[in-house]
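Undergrad: This is the structure I have questions about; it appears just below.
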Amino acid sequence: MSHPSDEHQNPPAAGPYPPSGGYPNAGPTPHPQPGVGPYPPAGAQPGGYPAPPGTYPPPGGALPPPGQPYPGGPGFGGTEPGLGGPGLAGPQKKKFGVGKILLVVFAVLLVLCGGGGTAIWFAVKDDVTEAVEATRTRMIAPDTLAGRPKITDPELQQAADDMVRNIEATVSNETSAVGAFYGDPADRDLIMIAGASGLMSDPKQELDAAVQGLSAELDLTNMTAVDPGPLGGEARCGDGGSDGVPLGICTWADRGSVGLIVMFFSSRADAQAEFVTIRSQVQQRE
């Protein structure tokens with residue numbers, strides 16, 4: 001009786017998978033034609049749409065030559081990789097350094113609070129009627145100043161609060177004090193106000209002292225007398241500067257107050273044009 005050969009009853013042991021020699025019926029490895037394969041070409045967005053100009057990295061992943069800006073980086077309306085911000089975000093506002101502002105604050109405090117706190121005083125010989133009117137004067141920080149909102153940035157608010165505290169602690173016979181910032185530093189529109197109310201015997205003397213101090217601290221030049229407005233007293237405006245920042249400065253003094261405005265990135269002409277409006281919003285009479 002014949003028996004089937006062993007090769008039919010005992011199949012060879014299973015070998016590694018896949019079998020040596022590749023998959024059965026394996027043909028040549030297909031290569032997608034350019035633009036037809038399942039993956040979008042280099043530089044394309046998902047869905048096969050071409051990447052918008054200025055995206056990073058550029059098609060093919062090539063970097064620009066040394067010294068050249070990155071696409072989407074500075075000069076292309078974006079930022080360099082790793083510095084934050086999308087490549088197509090457009091130019092970003094640059095925050096104005098608070099340190100430059102604090103230099104001006106310090107200079108103003110030296111002027112208003114210098115001389116041992118004798119900036120505001122009253123002599124008995126002064127006219128009683130004028131003295132009574134002066135006692136009705138108060139300095140305030142309105143919510144808006146000549147159309148500009150009050151700045152609530154924590155650092156600038158702290159600087160403003162410190163101004164007020166220093167004036168209240170130093171100026172003799174002070175009845176109110178003010179210090180505040182208005183506008184938008186990123187748009188190069190910034191105004192600082194500072195001042196105090198109290199009875200004064202000689203407004204001109206007070207103004208002369210303020211101008212002398214500002215000239216030394218803020219490189220004040222071209223200081224000329226200007227119309228003080230309906231509140232009266234003496235007023236002057238001039239050009240100043242601090243750490244490379246141009247300033248328009250106006251200051252005033254009357255029988256009931258002394259104060260000043262500082263317009264950053266501005267000139268004497270700019271400050272003078274708005275002086276009367278700003279003073280009328282800061283100095284009030286009850």
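By order in the structure tokens, chains are A, B, ...; within a chain, residues start at 1; ligands start at 1, following the order shown.
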For stretch 136-139 of chain A, list every protein, DNA or RNA residue within 6 Å, evaluated using only C-alpha atoms, and leave out those in the same chain fewer than 5 positions away; present the list as a list in words.

TA: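 The neighbour list is Ser176, Ala177, Val178, Ser197, Gly256, Val282, Gln283, Gln284, Arg285 and Glu286 of chain A.
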
Undergrad: If you run DSSP on the backbone, which residues of stretch 141-242 of chain A are alpha helix (DSSP H), as a VMD selection string?

TA: chain A and resid 154 to 170 203 to 218

Undergrad: Counting only C-alpha atoms, which of A:Val262, A:Ala146, A:Ile278, A:Ala235 gets nearest to A:Met192?

TA: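 Of the candidates, the smallest distance to A:Met192 is held by A:Val262.
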
Undergrad: At what distance in Å, to one decimal, does atom CA of A:Ala210 lie from atom CA of A:Gly259?

TA: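 Separation of atom CA of A:Gly259 and atom CA of A:Ala210: 9.1 Å.
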
Undergrad: When DSSP is applied to the backbone of this structure, which of stretch 142-239 of chain A are assigned strand (DSSP E)? Write them out as a PDB file with N, CA, C and O atoms, in the first residue's frame.

TA:
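part-v3.pdb, written as the output of this step:
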ATOM      1  N   THR A 144     -10.757 111.045  32.056  1.00  0.00           N
ATOM      2  CA  THR A 144     -10.152 111.312  30.754  1.00  0.00           C
ATOM      3  C   THR A 144      -9.564 112.710  30.783  1.00  0.00           C
ATOM      4  O   THR A 144     -10.036 113.580  31.503  1.00  0.00           O
ATOM      5  N   LEU A 145      -8.519 112.915  29.974  1.00  0.00           N
ATOM      6  CA  LEU A 145      -7.838 114.201  29.924  1.00  0.00           C
ATOM      7  C   LEU A 145      -7.672 114.610  28.464  1.00  0.00           C
ATOM      8  O   LEU A 145      -6.945 113.953  27.714  1.00  0.00           O
ATOM      9  N   ARG A 148      -8.119 111.747  26.279  1.00  0.00           N
ATOM     10  CA  ARG A 148      -7.265 110.572  26.491  1.00  0.00           C
ATOM     11  C   ARG A 148      -7.701 109.831  27.754  1.00  0.00           C
ATOM     12  O   ARG A 148      -7.949 110.468  28.783  1.00  0.00           O
ATOM     13  N   PRO A 149      -7.731 108.504  27.725  1.00  0.00           N
ATOM     14  CA  PRO A 149      -8.113 107.752  28.930  1.00  0.00           C
ATOM     15  C   PRO A 149      -6.979 107.724  29.945  1.00  0.00           C
ATOM     16  O   PRO A 149      -5.799 107.810  29.591  1.00  0.00           O
ATOM     17  N   SER A 176      -4.571 119.574  48.432  1.00  0.00           N
ATOM     18  CA  SER A 176      -4.841 118.446  47.541  1.00  0.00           C
ATOM     19  C   SER A 176      -3.621 118.253  46.650  1.00  0.00           C
ATOM     20  O   SER A 176      -2.838 119.188  46.435  1.00  0.00           O
ATOM     21  N   ALA A 177      -3.461 117.047  46.149  1.00  0.00           N
ATOM     22  CA  ALA A 177      -2.321 116.731  45.277  1.00  0.00           C
ATOM     23  C   ALA A 177      -2.795 115.834  44.148  1.00  0.00           C
ATOM     24  O   ALA A 177      -3.774 115.087  44.287  1.00  0.00           O
ATOM     25  N   VAL A 178      -2.090 115.891  43.021  1.00  0.00           N
ATOM     26  CA  VAL A 178      -2.476 115.091  41.868  1.00  0.00           C
ATOM     27  C   VAL A 178      -1.235 114.565  41.162  1.00  0.00           C
ATOM     28  O   VAL A 178      -0.192 115.216  41.113  1.00  0.00           O
ATOM     29  N   GLY A 179      -1.381 113.361  40.623  1.00  0.00           N
ATOM     30  CA  GLY A 179      -0.352 112.752  39.787  1.00  0.00           C
ATOM     31  C   GLY A 179      -1.012 111.641  38.990  1.00  0.00           C
ATOM     32  O   GLY A 179      -1.668 110.772  39.563  1.00  0.00           O
ATOM     33  N   ALA A 180      -0.899 111.676  37.658  1.00  0.00           N
ATOM     34  CA  ALA A 180      -1.572 110.668  36.829  1.00  0.00           C
ATOM     35  C   ALA A 180      -0.987 110.683  35.427  1.00  0.00           C
ATOM     36  O   ALA A 180      -0.296 111.628  35.018  1.00  0.00           O
ATOM     37  N   PHE A 181      -1.290 109.590  34.687  1.00  0.00           N
ATOM     38  CA  PHE A 181      -0.832 109.451  33.305  1.00  0.00           C
ATOM     39  C   PHE A 181      -2.043 109.185  32.411  1.00  0.00           C
ATOM     40  O   PHE A 181      -2.979 108.477  32.802  1.00  0.00           O
ATOM     41  N   TYR A 182      -1.987 109.721  31.193  1.00  0.00           N
ATOM     42  CA  TYR A 182      -3.092 109.580  30.244  1.00  0.00           C
ATOM     43  C   TYR A 182      -2.550 109.275  28.843  1.00  0.00           C
ATOM     44  O   TYR A 182      -1.438 109.686  28.501  1.00  0.00           O
ATOM     45  N   GLY A 183      -3.376 108.578  28.054  1.00  0.00           N
ATOM     46  CA  GLY A 183      -3.013 108.300  26.669  1.00  0.00           C
ATOM     47  C   GLY A 183      -2.645 106.848  26.439  1.00  0.00           C
ATOM     48  O   GLY A 183      -3.143 105.940  27.119  1.00  0.00           O
ATOM     49  N   ASP A 184      -1.733 106.622  25.492  1.00  0.00           N
ATOM     50  CA  ASP A 184      -1.284 105.275  25.130  1.00  0.00           C
ATOM     51  C   ASP A 184       0.186 105.343  24.742  1.00  0.00           C
ATOM     52  O   ASP A 184       0.526 105.809  23.652  1.00  0.00           O
ATOM     53  N   ASP A 189       1.657 108.545  22.594  1.00  0.00           N
ATOM     54  CA  ASP A 189       0.727 109.565  23.069  1.00  0.00           C
ATOM     55  C   ASP A 189       0.617 109.411  24.580  1.00  0.00           C
ATOM     56  O   ASP A 189      -0.126 108.565  25.075  1.00  0.00           O
ATOM     57  N   LEU A 190       1.375 110.215  25.312  1.00  0.00           N
ATOM     58  CA  LEU A 190       1.441 110.051  26.762  1.00  0.00           C
ATOM     59  C   LEU A 190       1.570 111.425  27.421  1.00  0.00           C
ATOM     60  O   LEU A 190       2.419 112.230  27.039  1.00  0.00           O
ATOM     61  N   ILE A 191       0.705 111.673  28.407  1.00  0.00           N
ATOM     62  CA  ILE A 191       0.733 112.917  29.167  1.00  0.00           C
ATOM     63  C   ILE A 191       0.804 112.595  30.650  1.00  0.00           C
ATOM     64  O   ILE A 191       0.087 111.713  31.139  1.00  0.00           O
ATOM     65  N   MET A 192       1.655 113.309  31.353  1.00  0.00           N
ATOM     66  CA  MET A 192       1.739 113.195  32.805  1.00  0.00           C
ATOM     67  C   MET A 192       1.319 114.529  33.416  1.00  0.00           C
ATOM     68  O   MET A 192       1.712 115.593  32.924  1.00  0.00           O
ATOM     69  N   ILE A 193       0.514 114.469  34.469  1.00  0.00           N
ATOM     70  CA  ILE A 193       0.155 115.677  35.215  1.00  0.00           C
ATOM     71  C   ILE A 193       0.641 115.522  36.650  1.00  0.00           C
ATOM     72  O   ILE A 193       0.694 114.412  37.195  1.00  0.00           O
ATOM     73  N   ALA A 194       1.005 116.646  37.263  1.00  0.00           N
ATOM     74  CA  ALA A 194       1.430 116.642  38.660  1.00  0.00           C
ATOM     75  C   ALA A 194       1.207 118.038  39.219  1.00  0.00           C
ATOM     76  O   ALA A 194       1.379 119.041  38.506  1.00  0.00           O
ATOM     77  N   GLY A 195       0.824 118.119  40.489  1.00  0.00           N
ATOM     78  CA  GLY A 195       0.632 119.424  41.091  1.00  0.00           C
ATOM     79  C   GLY A 195       0.002 119.342  42.463  1.00  0.00           C
ATOM     80  O   GLY A 195      -0.318 118.250  42.958  1.00  0.00           O
ATOM     81  N   ALA A 196      -0.170 120.499  43.065  1.00  0.00           N
ATOM     82  CA  ALA A 196      -0.758 120.571  44.406  1.00  0.00           C
ATOM     83  C   ALA A 196      -1.493 121.889  44.550  1.00  0.00           C
ATOM     84  O   ALA A 196      -1.192 122.877  43.873  1.00  0.00           O
ATOM     85  N   SER A 197      -2.465 121.902  45.418  1.00  0.00           N
ATOM     86  CA  SER A 197      -3.177 123.132  45.747  1.00  0.00           C
ATOM     87  C   SER A 197      -2.817 123.548  47.166  1.00  0.00           C
ATOM     88  O   SER A 197      -2.467 122.736  48.012  1.00  0.00           O
ATOM     89  N   THR A 221      14.401 124.172  27.682  1.00  0.00           N
ATOM     90  CA  THR A 221      14.841 125.303  26.874  1.00  0.00           C
ATOM     91  C   THR A 221      13.611 125.985  26.260  1.00  0.00           C
ATOM     92  O   THR A 221      12.506 125.452  26.297  1.00  0.00           O
ATOM     93  N   ASN A 222      13.852 127.159  25.691  1.00  0.00           N
ATOM     94  CA  ASN A 222      12.806 127.859  24.951  1.00  0.00           C
ATOM     95  C   ASN A 222      11.563 128.097  25.807  1.00  0.00           C
ATOM     96  O   ASN A 222      10.432 128.050  25.334  1.00  0.00           O
ATOM     97  N   MET A 223      11.779 128.373  27.093  1.00  0.00           N
ATOM     98  CA  MET A 223      10.652 128.567  28.010  1.00  0.00           C
ATOM     99  C   MET A 223      10.097 129.976  27.837  1.00  0.00           C
ATOM    100  O   MET A 223      10.799 130.970  28.028  1.00  0.00           O
ATOM    101  N   THR A 224       8.830 130.068  27.468  1.00  0.00           N
ATOM    102  CA  THR A 224       8.214 131.365  27.218  1.00  0.00           C
ATOM    103  C   THR A 224       6.876 131.466  27.937  1.00  0.00           C
ATOM    104  O   THR A 224       6.215 130.456  28.189  1.00  0.00           O
ATOM    105  N   ALA A 225       6.482 132.687  28.250  1.00  0.00           N
ATOM    106  CA  ALA A 225       5.199 132.927  28.902  1.00  0.00           C
ATOM    107  C   ALA A 225       4.064 132.644  27.926  1.00  0.00           C
ATOM    108  O   ALA A 225       4.157 132.948  26.729  1.00  0.00           O
ATOM    109  N   GLU A 234       0.215 132.689  36.543  1.00  0.00           N
ATOM    110  CA  GLU A 234       1.343 132.749  35.609  1.00  0.00           C
ATOM    111  C   GLU A 234       1.510 131.366  34.968  1.00  0.00           C
ATOM    112  O   GLU A 234       1.327 130.339  35.632  1.00  0.00           O
ATOM    113  N   ALA A 235       1.881 131.356  33.675  1.00  0.00           N
ATOM    114  CA  ALA A 235       2.081 130.077  32.977  1.00  0.00           C
ATOM    115  C   ALA A 235       3.194 130.213  31.946  1.00  0.00           C
ATOM    116  O   ALA A 235       3.332 131.268  31.307  1.00  0.00           O
ATOM    117  N   ARG A 236       3.976 129.145  31.779  1.00  0.00           N
ATOM    118  CA  ARG A 236       5.043 129.123  30.783  1.00  0.00           C
ATOM    119  C   ARG A 236       5.137 127.721  30.186  1.00  0.00           C
ATOM    120  O   ARG A 236       4.823 126.711  30.844  1.00  0.00           O
ATOM    121  N   CYS A 237       5.604 127.652  28.933  1.00  0.00           N
ATOM    122  CA  CYS A 237       5.798 126.374  28.242  1.00  0.00           C
ATOM    123  C   CYS A 237       7.178 126.358  27.585  1.00  0.00           C
ATOM    124  O   CYS A 237       7.698 127.411  27.187  1.00  0.00           O
ATOM    125  N   GLY A 238       7.747 125.157  27.445  1.00  0.00           N
ATOM    126  CA  GLY A 238       9.058 125.032  26.824  1.00  0.00           C
ATOM    127  C   GLY A 238       9.315 123.625  26.330  1.00  0.00           C
ATOM    128  O   GLY A 238       8.498 122.717  26.503  1.00  0.00           O
ATOM    129  N   ASP A 239      10.472 123.452  25.699  1.00  0.00           N
ATOM    130  CA  ASP A 239      10.916 122.144  25.211  1.00  0.00           C
ATOM    131  C   ASP A 239      11.841 121.510  26.232  1.00  0.00           C
ATOM    132  O   ASP A 239      12.688 122.191  26.833  1.00  0.00           O
TER     133      ASP A 239
END

Undergrad: At what distance in Å, to one decimal, does atom CA of A:Val171 lie from atom CA of A:Leu231?

TA: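 Between atom CA of A:Leu231 and atom CA of A:Val171 the gap works out to 21.7 Å.
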
Undergrad: Go through A:Ser172, A:Gln158, A:Ser266, A:Ser242 and flag the residue nearest A:Met200, using only C-alpha atoms for the distances.

TA: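 The shortest atom-to-atom distance to A:Met200 comes from A:Ser172.
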
Undergrad: What is the atom CA of A:Ile261-atom CA of A:Gly240 distance in Å, reported with one decimal?

TA: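 The value is 11.8 Å.
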
Undergrad: Mind checking which residues fall within 8 Å of A:Ala134, counting only C-alpha atoms, ignoring those fewer than 5 positions away in the same chain, and posting them as a PyMOL selection string?

TA: chain A and resi 198-199+255-257

Undergrad: Can you spit out the residues from that selection as a PDB file, in the first residue's frame, using C-alpha atoms?

TA:
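Output file again_11.pdb follows:
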ATOM      1  CA  GLY A 198      -2.571 125.408  48.726  1.00  0.00           C
ATOM      2  CA  LEU A 199      -2.254 129.079  49.639  1.00  0.00           C
ATOM      3  CA  ARG A 255      -2.616 131.975  44.464  1.00  0.00           C
ATOM      4  CA  GLY A 256      -4.115 128.538  45.051  1.00  0.00           C
ATOM      5  CA  SER A 257      -2.040 126.007  43.094  1.00  0.00           C
TER       6      SER A 257
END
